[in-house]
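Here's work-v5.cif, which has mmCIF, C-alpha atoms:
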data_protein
#
loop_
_atom_site.group_PDB
_atom_site.id
_atom_site.type_symbol
_atom_site.label_atom_id
_atom_site.label_comp_id
_atom_site.auth_asym_id
_atom_site.auth_seq_id
_atom_site.Cartn_x
_atom_site.Cartn_y
_atom_site.Cartn_z
ATOM 1 C CA MET A 1 117.071 70.570 87.533
ATOM 2 C CA ILE A 2 115.136 73.748 86.842
ATOM 3 C CA VAL A 3 113.032 75.972 89.123
ATOM 4 C CA ILE A 4 110.628 78.691 88.039
ATOM 5 C CA GLY A 5 110.958 82.209 89.404
ATOM 6 C CA ARG A 6 109.127 85.465 88.824
ATOM 7 C CA ALA A 7 110.077 88.973 89.882
ATOM 8 C CA ILE A 8 108.120 89.956 92.991
ATOM 9 C CA ASN A 9 105.456 92.488 91.983
ATOM 10 C CA GLY A 10 107.005 92.491 88.500
ATOM 11 C CA ILE A 11 110.009 94.513 89.723
ATOM 12 C CA SER A 12 113.334 92.771 89.195
ATOM 13 C CA ILE A 13 115.157 94.528 92.056
ATOM 14 C CA ASN A 14 112.716 92.899 94.506
ATOM 15 C CA GLY A 15 114.148 89.440 93.857
ATOM 16 C CA TYR A 16 112.205 86.358 92.863
ATOM 17 C CA GLU A 17 109.312 84.379 94.170
ATOM 18 C CA TYR A 18 109.367 80.709 93.222
ATOM 19 C CA LEU A 19 106.856 78.069 92.217
ATOM 20 C CA LEU A 20 106.337 75.781 95.211
ATOM 21 C CA HIS A 21 104.649 72.496 96.033
ATOM 22 C CA ASP A 22 101.720 72.644 98.459
ATOM 23 C CA ASN A 23 104.122 71.657 101.261
ATOM 24 C CA GLY A 24 106.300 74.749 100.618
ATOM 25 C CA ASN A 25 109.201 72.979 98.893
ATOM 26 C CA LEU A 26 110.545 74.246 95.578
ATOM 27 C CA LYS A 27 108.976 72.605 92.558
ATOM 28 C CA LYS A 28 111.778 71.283 90.336
ATOM 29 C CA PHE A 29 111.654 70.222 86.710
ATOM 30 C CA ASN A 30 113.994 68.194 84.504
ATOM 31 C CA ASP A 31 114.185 70.855 81.786
ATOM 32 C CA ILE A 32 112.758 74.170 80.576
ATOM 33 C CA PRO A 33 110.066 72.636 78.324
ATOM 34 C CA ALA A 34 108.704 70.656 81.301
ATOM 35 C CA ALA A 35 108.672 73.811 83.432
ATOM 36 C CA LYS A 36 106.873 75.807 80.730
ATOM 37 C CA ASN A 37 104.375 72.994 80.282
ATOM 38 C CA GLU A 38 103.574 73.088 84.006
ATOM 39 C CA LEU A 39 102.770 76.807 83.769
ATOM 40 C CA LEU A 40 100.624 76.334 80.676
ATOM 41 C CA GLU A 41 98.712 73.442 82.249
ATOM 42 C CA ALA A 42 98.068 75.628 85.305
ATOM 43 C CA GLY A 43 96.356 78.188 83.076
ATOM 44 C CA GLU A 44 99.138 80.626 82.209
ATOM 45 C CA VAL A 45 99.077 81.931 78.643
ATOM 46 C CA GLU A 46 101.999 81.540 76.250
ATOM 47 C CA ASN A 47 102.596 85.302 75.973
ATOM 48 C CA ASN A 48 103.128 85.607 79.735
ATOM 49 C CA LEU A 49 105.934 83.017 79.874
ATOM 50 C CA GLN A 50 108.337 85.876 79.130
ATOM 51 C CA TYR A 51 107.767 87.153 82.685
ATOM 52 C CA TYR A 52 109.149 83.977 84.265
ATOM 53 C CA ALA A 53 112.766 83.065 84.854
ATOM 54 C CA PHE A 54 113.872 79.478 84.381
ATOM 55 C CA ILE A 55 116.674 78.986 86.853
ATOM 56 C CA ASP A 56 119.252 76.254 87.422
ATOM 57 C CA ALA A 57 118.291 74.737 90.794
ATOM 58 C CA LYS A 58 121.917 74.158 91.768
ATOM 59 C CA THR A 59 123.601 77.435 90.789
ATOM 60 C CA TYR A 60 120.534 79.714 90.676
ATOM 61 C CA LYS A 61 121.748 81.134 87.369
ATOM 62 C CA ILE A 62 118.997 82.237 85.032
ATOM 63 C CA LEU A 63 118.903 79.964 81.993
ATOM 64 C CA GLU A 64 116.141 81.692 80.045
#

Transcribe the structure of this file into structure tokens.
Amino acid sequence: MIVIGRAINGISINGYEYLLHDNGNLKKFNDIPAAKNELLEAGEVENNLQYYAFIDAKTYKILE
């Protein structure tokens, strides 16, 4: 499973904020393409996907 993170205020030393469901739980995806598709469907532009981290939900290692 994959979660989507983004550096808080665009500064990597601040840690990540994560994409959440309305109830506050982490939104998880089966793979990176599904996660990217979610961002694009929400109105994000392709060029900005570089600012997101796609993270393994179990180990929290950045995959891309």

Requested in this report: Go through the shown structure with the PyMOL selection byres ((chain A and resi 39-53) around 7) and write out the matching residues as a PyMOL selection string.
Outcome: chain A and resi 4-6+35-38+54-55+62+64

Query - Near-region 20-32 of chain A list (7 Å; all atoms listed in the file; drop same-chain fewer than 5 positions) as a PyMOL selection string - result: chain A and resi 1-3+54

Query - One-decimal distance in Å that lies between CA of Lys58 (chain A) and CA of Pro33 (chain A) - result: 18.0 Å

Report task. Please indicate the distance in Å from CA of Thr59 (chain A) to CA of Gly10 (chain A), rounded to one decimal place. Result ->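 Computing the Euclidean distance for CA of Thr59 (chain A) and CA of Gly10 (chain A) yields 22.5 Å.
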
Since fewer atoms than expected are present, regenerate N, CA and C atoms for region 34-45 of chain A and write them as an mmCIF file, in the coordinates of the input.
data_model
loop_
_atom_site.group_PDB
_atom_site.id
_atom_site.type_symbol
_atom_site.label_atom_id
_atom_site.label_comp_id
_atom_site.auth_asym_id
_atom_site.auth_seq_id
_atom_site.Cartn_x
_atom_site.Cartn_y
_atom_site.Cartn_z
ATOM 1 N N ALA A 34 109.579 71.222 80.266
ATOM 2 C CA ALA A 34 108.704 70.656 81.301
ATOM 3 C C ALA A 34 108.204 71.750 82.242
ATOM 4 N N ALA A 35 109.064 72.702 82.562
ATOM 5 C CA ALA A 35 108.672 73.811 83.432
ATOM 6 C C ALA A 35 107.623 74.682 82.749
ATOM 7 N N LYS A 36 107.842 74.998 81.479
ATOM 8 C CA LYS A 36 106.873 75.807 80.730
ATOM 9 C C LYS A 36 105.546 75.083 80.619
ATOM 10 N N ASN A 37 105.598 73.786 80.386
ATOM 11 C CA ASN A 37 104.375 72.994 80.282
ATOM 12 C C ASN A 37 103.575 73.041 81.579
ATOM 13 N N GLU A 38 104.248 72.994 82.703
ATOM 14 C CA GLU A 38 103.574 73.088 84.006
ATOM 15 C C GLU A 38 102.807 74.398 84.117
ATOM 16 N N LEU A 39 103.435 75.502 83.713
ATOM 17 C CA LEU A 39 102.770 76.807 83.769
ATOM 18 C C LEU A 39 101.557 76.846 82.846
ATOM 19 N N LEU A 40 101.722 76.329 81.638
ATOM 20 C CA LEU A 40 100.624 76.334 80.676
ATOM 21 C C LEU A 40 99.459 75.469 81.149
ATOM 22 N N GLU A 41 99.764 74.314 81.731
ATOM 23 C CA GLU A 41 98.712 73.442 82.249
ATOM 24 C C GLU A 41 97.988 74.061 83.437
ATOM 25 N N ALA A 42 98.676 74.952 84.155
ATOM 26 C CA ALA A 42 98.068 75.628 85.305
ATOM 27 C C ALA A 42 97.226 76.827 84.880
ATOM 28 N N GLY A 43 97.209 77.119 83.565
ATOM 29 C CA GLY A 43 96.356 78.188 83.076
ATOM 30 C C GLY A 43 97.073 79.448 82.612
ATOM 31 N N GLU A 44 98.389 79.470 82.704
ATOM 32 C CA GLU A 44 99.138 80.626 82.209
ATOM 33 C C GLU A 44 99.073 80.633 80.684
ATOM 34 N N VAL A 45 99.114 81.824 80.099
ATOM 35 C CA VAL A 45 99.077 81.931 78.643
ATOM 36 C C VAL A 45 100.494 82.063 78.105
#
